[in-house]
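Next comes coords30.txt, with compact mmCIF, C-alpha atoms and all ligand atoms.
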```txt
# COMPACT_ATOMS: atom_id res chain seq x y z
CA MET A 1 116.34 91.50 91.94
CA ASN A 2 113.49 91.26 94.42
CA ILE A 3 110.02 92.03 93.15
CA LEU A 4 107.01 92.31 95.43
CA ALA A 5 103.67 91.82 93.68
CA ILE A 6 100.50 93.02 95.38
CA SER A 7 96.96 93.62 94.21
CA ASP A 8 93.41 94.63 95.12
CA VAL A 9 94.13 97.29 97.68
CA HIS A 10 90.57 98.68 97.49
CA ALA A 11 91.69 101.79 99.38
CA LYS A 12 92.66 99.70 102.41
CA GLU A 13 96.29 99.72 103.40
CA ASN A 14 98.01 96.99 105.35
CA GLN A 15 100.71 97.89 107.88
CA GLY A 16 102.36 94.55 107.07
CA LEU A 17 103.30 95.95 103.65
CA TYR A 18 105.19 98.88 105.14
CA ASP A 19 106.86 96.64 107.71
CA TYR A 20 107.88 94.31 104.89
CA LEU A 21 109.35 97.17 102.84
CA GLU A 22 111.16 98.43 105.93
CA ASN A 23 112.73 95.06 106.76
CA ASN A 24 113.42 93.60 103.32
CA ASN A 25 115.30 94.60 100.23
CA VAL A 26 112.63 95.16 97.59
CA ASP A 27 113.75 96.63 94.26
CA LEU A 28 110.40 96.77 92.56
CA VAL A 29 106.79 96.78 93.76
CA ILE A 30 104.15 95.87 91.19
CA VAL A 31 100.51 96.71 91.94
CA SER A 32 98.09 94.91 89.66
CA GLY A 33 95.04 97.10 90.03
CA ASP A 34 92.01 97.95 92.15
CA ILE A 35 94.09 100.39 94.14
CA THR A 36 90.84 102.07 95.22
CA ASN A 37 87.22 101.10 95.59
CA PHE A 38 85.71 103.50 93.00
CA GLY A 39 87.95 106.18 94.54
CA PRO A 40 88.90 108.29 96.29
CA PRO A 41 91.46 109.28 93.62
CA GLU A 42 93.79 110.87 96.19
CA PHE A 43 94.24 107.49 97.86
CA ALA A 44 95.91 106.09 94.74
CA GLU A 45 98.46 108.88 94.52
CA ASP A 46 99.22 108.89 98.26
CA PHE A 47 99.50 105.10 98.46
CA LEU A 48 101.80 104.78 95.43
CA ASN A 49 103.96 107.68 96.63
CA LYS A 50 104.24 106.09 100.06
CA ILE A 51 105.53 102.82 98.53
CA SER A 52 107.92 104.69 96.23
CA ASP A 53 109.30 106.63 99.20
CA TRP A 54 110.65 103.35 100.61
CA GLY A 55 113.06 103.43 97.70
CA SER A 56 111.41 100.79 95.59
CA MET A 57 110.53 101.50 92.03
CA THR A 58 106.76 101.11 91.73
CA VAL A 59 104.78 100.02 88.69
CA ALA A 60 100.97 100.06 88.77
CA ILE A 61 97.91 99.60 86.63
CA PRO A 62 94.28 100.51 87.38
CA GLY A 63 91.75 97.75 88.03
CA ASN A 64 88.10 97.62 87.03
CA CYS A 65 87.13 99.32 90.32
CA ASP A 66 89.43 102.29 89.67
CA THR A 67 87.81 105.31 88.04
CA LYS A 68 89.18 107.58 85.33
CA GLU A 69 90.17 110.04 88.06
CA VAL A 70 92.10 107.28 89.84
CA PHE A 71 93.86 106.44 86.57
CA GLU A 72 94.90 110.10 86.27
CA LYS A 73 96.27 110.06 89.82
CA ILE A 74 98.29 106.90 89.12
CA ASN A 75 99.85 108.79 86.21
CA LYS A 76 100.58 111.76 88.47
CA SER A 77 102.14 109.66 91.25
CA LYS A 78 105.77 108.64 91.65
CA ALA A 79 104.84 105.19 90.31
CA ILE A 80 105.06 104.30 86.65
CA CYS A 81 101.67 103.59 85.13
CA ALA A 82 101.91 100.49 82.96
CA HIS A 83 98.41 100.64 81.50
CA ASN A 84 98.66 100.03 77.76
CA ASN A 85 102.38 100.46 78.08
CA VAL A 86 105.70 98.63 77.79
CA ILE A 87 108.07 99.27 80.71
CA GLU A 88 111.74 98.34 80.86
CA TYR A 89 113.43 97.83 84.21
CA GLY A 90 116.73 95.96 84.60
CA ASN A 91 116.28 92.57 82.93
CA LEU A 92 112.53 92.99 82.96
CA ILE A 93 110.11 93.94 80.26
CA ILE A 94 106.62 94.60 81.58
CA TYR A 95 103.61 94.55 79.26
CA GLY A 96 100.68 96.18 81.03
CA PHE A 97 96.96 96.51 80.54
CA GLY A 98 94.59 97.51 83.35
CA GLY A 99 90.86 97.20 83.94
CA SER A 100 89.06 93.94 83.26
CA ASN A 101 86.87 92.12 80.82
CA PRO A 102 83.16 92.99 81.31
CA THR A 103 81.64 92.15 84.72
CA PRO A 104 77.94 91.94 85.70
CA PHE A 105 78.51 94.99 87.92
CA ASP A 106 79.23 97.56 85.22
CA THR A 107 82.37 98.82 86.97
CA PRO A 108 84.23 101.91 85.69
CA PHE A 109 87.27 100.35 83.97
CA GLU A 110 86.08 97.51 81.76
CA PHE A 111 87.01 96.54 78.20
CA ASP A 112 85.69 93.96 75.80
CA ASP A 113 88.05 91.03 75.43
CA ASP A 114 88.81 91.89 71.80
CA VAL A 115 89.96 95.38 72.90
CA ILE A 116 92.21 93.87 75.59
CA TYR A 117 93.61 91.38 73.07
CA ASP A 118 94.24 93.95 70.31
CA ASN A 119 95.98 96.36 72.66
CA LEU A 120 98.18 93.73 74.32
CA LYS A 121 99.11 92.31 70.93
CA LYS A 122 100.10 95.79 69.78
CA LEU A 123 102.32 96.14 72.86
CA PHE A 124 104.05 92.78 72.29
CA ASN A 125 104.61 93.65 68.62
CA SER A 126 105.58 97.28 69.20
CA LYS A 127 108.92 98.57 67.95
CA LYS A 128 109.85 99.49 71.52
CA ALA A 129 109.18 95.94 72.75
CA ILE A 130 111.04 94.28 69.88
CA LYS A 131 114.06 96.56 70.40
CA ILE A 132 114.19 95.89 74.16
CA GLU A 133 113.66 92.13 73.70
CA LYS A 134 116.50 91.99 71.16
CA GLU A 135 118.94 94.03 73.27
CA LYS A 136 118.25 91.99 76.38
CA LYS A 137 118.49 88.64 74.63
CA GLU A 138 121.92 89.65 73.35
CA SER A 139 123.25 90.95 76.67
CA VAL A 140 121.69 90.04 79.98
CA GLY A 141 118.80 87.87 78.90
CA LYS A 142 115.28 88.92 79.68
CA VAL A 143 112.29 88.20 81.80
CA ASP A 144 108.95 89.34 80.48
CA ILE A 145 106.02 90.04 82.71
CA LEU A 146 102.45 90.35 81.55
CA LEU A 147 100.74 92.70 84.00
CA THR A 148 96.95 92.74 83.90
CA HIS A 149 94.22 93.14 86.47
CA ALA A 150 92.06 90.45 84.88
CA PRO A 151 93.35 86.90 85.31
CA PRO A 152 93.61 84.51 82.38
CA TYR A 153 90.43 82.55 81.68
CA ASP A 154 90.22 78.91 82.78
CA SER A 155 93.06 78.81 85.30
CA LYS A 156 93.47 78.41 89.06
CA VAL A 157 93.42 82.17 89.51
CA ASP A 158 90.04 83.12 87.98
CA ILE A 159 87.54 80.98 89.93
CA ILE A 160 84.75 82.75 91.85
CA GLU A 161 83.01 81.23 94.87
CA SER A 162 80.40 79.41 92.78
CA GLY A 163 83.20 77.61 90.94
CA ILE A 164 82.80 79.51 87.67
CA HIS A 165 85.82 80.83 85.71
CA VAL A 166 85.46 84.57 85.09
CA GLY A 167 88.89 85.48 83.72
CA SER A 168 89.72 87.19 80.46
CA GLU A 169 89.91 85.11 77.30
CA ALA A 170 92.12 87.83 75.80
CA VAL A 171 94.70 87.52 78.59
CA ARG A 172 94.60 83.74 78.18
CA LYS A 173 95.14 84.01 74.43
CA ILE A 174 98.07 86.40 74.88
CA ILE A 175 99.72 83.98 77.33
CA ASP A 176 99.17 81.07 74.94
CA GLU A 177 100.66 83.03 72.05
CA TYR A 178 103.57 84.89 73.66
CA GLN A 179 104.41 82.71 76.70
CA PRO A 180 105.72 85.53 78.91
CA SER A 181 107.84 84.33 81.85
CA ILE A 182 105.36 85.56 84.46
CA SER A 183 101.74 86.73 84.35
CA LEU A 184 100.69 88.95 87.28
CA CYS A 185 97.00 89.62 87.85
CA GLY A 186 94.41 90.11 90.58
CA HIS A 187 90.68 90.85 90.37
CA VAL A 188 89.26 87.56 91.70
CA HIS A 189 89.82 87.96 95.42
CA GLU A 190 88.92 84.38 96.32
CA SER A 191 91.26 82.86 93.72
CA VAL A 192 94.63 83.52 95.38
CA ALA A 193 96.97 81.05 93.69
CA LEU A 194 100.00 80.22 91.60
CA ASP A 195 99.41 78.37 88.35
CA MET A 196 101.22 77.48 85.15
CA ILE A 197 100.01 77.87 81.57
CA GLY A 198 102.66 76.33 79.33
CA ASN A 199 105.93 77.97 80.41
CA THR A 200 104.22 80.95 82.03
CA THR A 201 103.85 81.19 85.80
CA ILE A 202 100.55 82.85 86.71
CA VAL A 203 100.21 84.74 89.99
CA ASN A 204 97.13 86.15 91.70
CA PRO A 205 98.58 87.58 94.92
CA GLY A 206 95.17 88.29 96.50
CA MET A 207 93.95 91.28 98.49
CA LEU A 208 96.54 93.44 100.23
CA GLU A 209 94.13 94.01 103.11
CA ASN A 210 94.57 90.34 104.05
CA GLY A 211 98.35 90.74 104.06
CA CYS A 212 98.71 88.78 100.82
CA GLY A 213 101.55 89.27 98.39
CA CYS A 214 103.97 87.45 96.16
CA LEU A 215 107.75 87.68 96.22
CA ILE A 216 109.60 87.08 92.97
CA GLN A 217 113.35 86.71 93.32
CA LEU A 218 115.40 86.82 90.13
CA ASP A 219 119.01 85.67 90.20
CA GLU A 220 121.69 86.92 87.78
CA ASN A 221 120.77 84.14 85.33
CA ASN A 222 117.15 85.30 85.40
CA ASN A 223 115.92 82.22 87.23
CA ALA A 224 112.81 83.19 89.16
CA ILE A 225 111.91 81.89 92.60
CA ILE A 226 108.26 82.74 93.16
CA ASP A 227 106.65 82.49 96.61
CA MET A 228 103.30 83.56 97.96
CA ILE A 229 103.95 85.48 101.16
CA GLU A 230 102.03 86.85 104.12
CA MET A 231 102.98 90.30 105.27
ZN ZN B 1 89.37 93.78 93.56
```

Structure encoded using structure tokens:
Amino acid sequence: MNILAISDVHAKENQGLYDYLENNNVDLVIVSGDITNFGPPEFAEDFLNKISDWGSMTVAIPGNCDTKEVFEKINKSKAICAHNNVIEYGNLIIYGFGGSNPTPFDTPFEFDDDVIYDNLKKLFNSKKAIKIEKEKKESVGKVDILLTHAPPYDSKVDIIESGIHVGSEAVRKIIDEYQPSISLCGHVHESVALDMIGNTTIVNPGMLENGCGCLIQLDENNNAIIDMIEM
């Protein structure tokens, strides 16, 4: 299974993405938020539909710069909205929570860290998640992905220009406690990187506008090969 992770679109498309989808076999596209720049809402629906029309399943969450109207359009689009949701796809289980921990900019989709933590914990402990985890463990094995816009605090993927870590302590705590296989995030544009926390690979693919993305290839034994790519 080939998964393409992108983030921080900010209402700016990149032709490289469409060329990539045209020329490569991508089963799943995951968009980890900030699809727009405080709107327009229509962009989110059009963009996600355009990706889905290439034949890839698309999973998306809103970022802190996406408004309530954008969130509604994600839900209306052909993509699956993973905000506060558990999604099953093939061997994957995706635990999603959009928005970010509070920023100094008072953006539209922010949550206190304790709200992010409580909601993610509920998802990991939900009946749906436990049932899927059990079924997959018994048959094909499973790969779990934590999908958030906010990066985990104190990692290589949450450092702003001044050198300060601005990630979410809730996301960090969830990774420490549940050790998902992969943690996909975005939010901090200048902190494009791969990192590890325990057994979890952390990915901040960077802004789509710059042609940044991450390709995750899963073989039949669920081994993941993770590469930052330029589109
Ligand atoms: Zn952004």

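You will find CA of Lys156 (chain A) at 6.0 Å from CA of Asp195 (chain A).
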
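Between CA of His149 (chain A) and CA of Lys78 (chain A) lies a distance of 20.0 Å.
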
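Using only C-alpha atoms and all ligand atoms for every distance, the candidate list A:Glu69, A:Asp8, A:Asp144, A:Glu45 yields A:Asp8 as the residue closest to ligand ZN 1 (chain B).
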
| field | Nearby residues, ligand ZN 1 (chain B), 10 Å, all atoms listed in the file, as a ChimeraX atom specification | value | /A:7-10,32-37,63-66,149-150,186-190,206-208

Could you build a table of the residues in region 114-177 of chain A lying no more than 9 Å from region 93-103 of chain A, giving for each the nearest pair of atoms and their separation in Å rounded to one decimal place, using all atoms listed in the file, ordered by chain and ascending residue number, as a Markdown table?
```
| residue | atom | partner | partner_atom | distance |
| --- | --- | --- | --- | --- |
| A:Ile116 | CA | A:Phe97 | CA | 7.4 |
| A:Asn119 | CA | A:Phe97 | CA | 7.9 |
| A:Leu120 | CA | A:Phe97 | CA | 6.9 |
| A:Leu123 | CA | A:Tyr95 | CA | 6.7 |
| A:Phe124 | CA | A:Tyr95 | CA | 7.2 |
| A:Ala129 | CA | A:Ile93 | CA | 7.8 |
| A:Ile132 | CA | A:Ile93 | CA | 7.6 |
| A:Glu133 | CA | A:Ile93 | CA | 7.7 |
| A:Lys142 | CA | A:Ile93 | CA | 7.2 |
| A:Val143 | CA | A:Ile93 | CA | 6.3 |
| A:Asp144 | CA | A:Ile93 | CA | 4.7 |
| A:Ile145 | CA | A:Ile94 | CA | 4.7 |
| A:Leu146 | CA | A:Tyr95 | CA | 4.9 |
| A:Leu147 | CA | A:Gly96 | CA | 4.6 |
| A:Thr148 | CA | A:Phe97 | CA | 5.1 |
| A:His149 | CA | A:Gly98 | CA | 5.4 |
| A:Ala150 | CA | A:Ser100 | CA | 4.9 |
| A:Pro151 | CA | A:Ser100 | CA | 8.5 |
| A:Val166 | CA | A:Thr103 | CA | 8.5 |
| A:Gly167 | CA | A:Asn101 | CA | 7.5 |
| A:Ser168 | CA | A:Asn101 | CA | 5.7 |
| A:Glu169 | CA | A:Asn101 | CA | 8.4 |
| A:Ala170 | CA | A:Asn101 | CA | 8.4 |
```

How would the residues just picked look written out with C-alpha atoms as a compact mmCIF listing (two decimals), in the frame of the given file?
```txt
# COMPACT_ATOMS: atom_id res chain seq x y z
CA ILE A 116 92.21 93.87 75.59
CA ASN A 119 95.98 96.36 72.66
CA LEU A 120 98.18 93.73 74.32
CA LEU A 123 102.32 96.14 72.86
CA PHE A 124 104.05 92.78 72.29
CA ALA A 129 109.18 95.94 72.75
CA ILE A 132 114.19 95.89 74.16
CA GLU A 133 113.66 92.13 73.70
CA LYS A 142 115.28 88.92 79.68
CA VAL A 143 112.29 88.20 81.80
CA ASP A 144 108.95 89.34 80.48
CA ILE A 145 106.02 90.04 82.71
CA LEU A 146 102.45 90.35 81.55
CA LEU A 147 100.74 92.70 84.00
CA THR A 148 96.95 92.74 83.90
CA HIS A 149 94.22 93.14 86.47
CA ALA A 150 92.06 90.45 84.88
CA PRO A 151 93.35 86.90 85.31
CA VAL A 166 85.46 84.57 85.09
CA GLY A 167 88.89 85.48 83.72
CA SER A 168 89.72 87.19 80.46
CA GLU A 169 89.91 85.11 77.30
CA ALA A 170 92.12 87.83 75.80
```

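Comparing A:Leu215, A:Ile160, A:Val86, A:Leu92 by their smallest distance to Asn25 (chain A), the closest is A:Leu215 (using only C-alpha atoms).
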
| All residues 12 Å or closer to Ile226 (chain A), all atoms listed in the file, same chain fewer than 3 positions away omitted, as a VMD selection string | chain A and resid 1 to 5 181 to 184 193 to 196 200 to 205 213 to 219 223 229

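Rounded to one decimal, CA of His165 (chain A) and CA of Phe105 (chain A) lie 16.1 Å from each other.
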
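Proximity of A:Val59, A:Asn91, A:Lys122, A:Lys173 to Lys137 (chain A), computed with only C-alpha atoms, is greatest for A:Asn91.
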
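With only C-alpha atoms as the atoms that count, the minimum distance from Asp27 (chain A) to the choices A:Cys212, A:Val157, A:Ile51, A:Ile61 is reached by A:Ile51.
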
| Contacts of Ser77 (chain A) within 9 Å, only C-alpha atoms, excl. fewer than 4 positions in-chain, as a PyMOL selection string | chain A and resi 44-49+72-73+81

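Ranking A:Tyr89, A:Tyr18, A:Phe111, A:Tyr153 by their shortest atom-to-atom distance to Lys50 (chain A), with only C-alpha atoms included, puts A:Tyr18 first.
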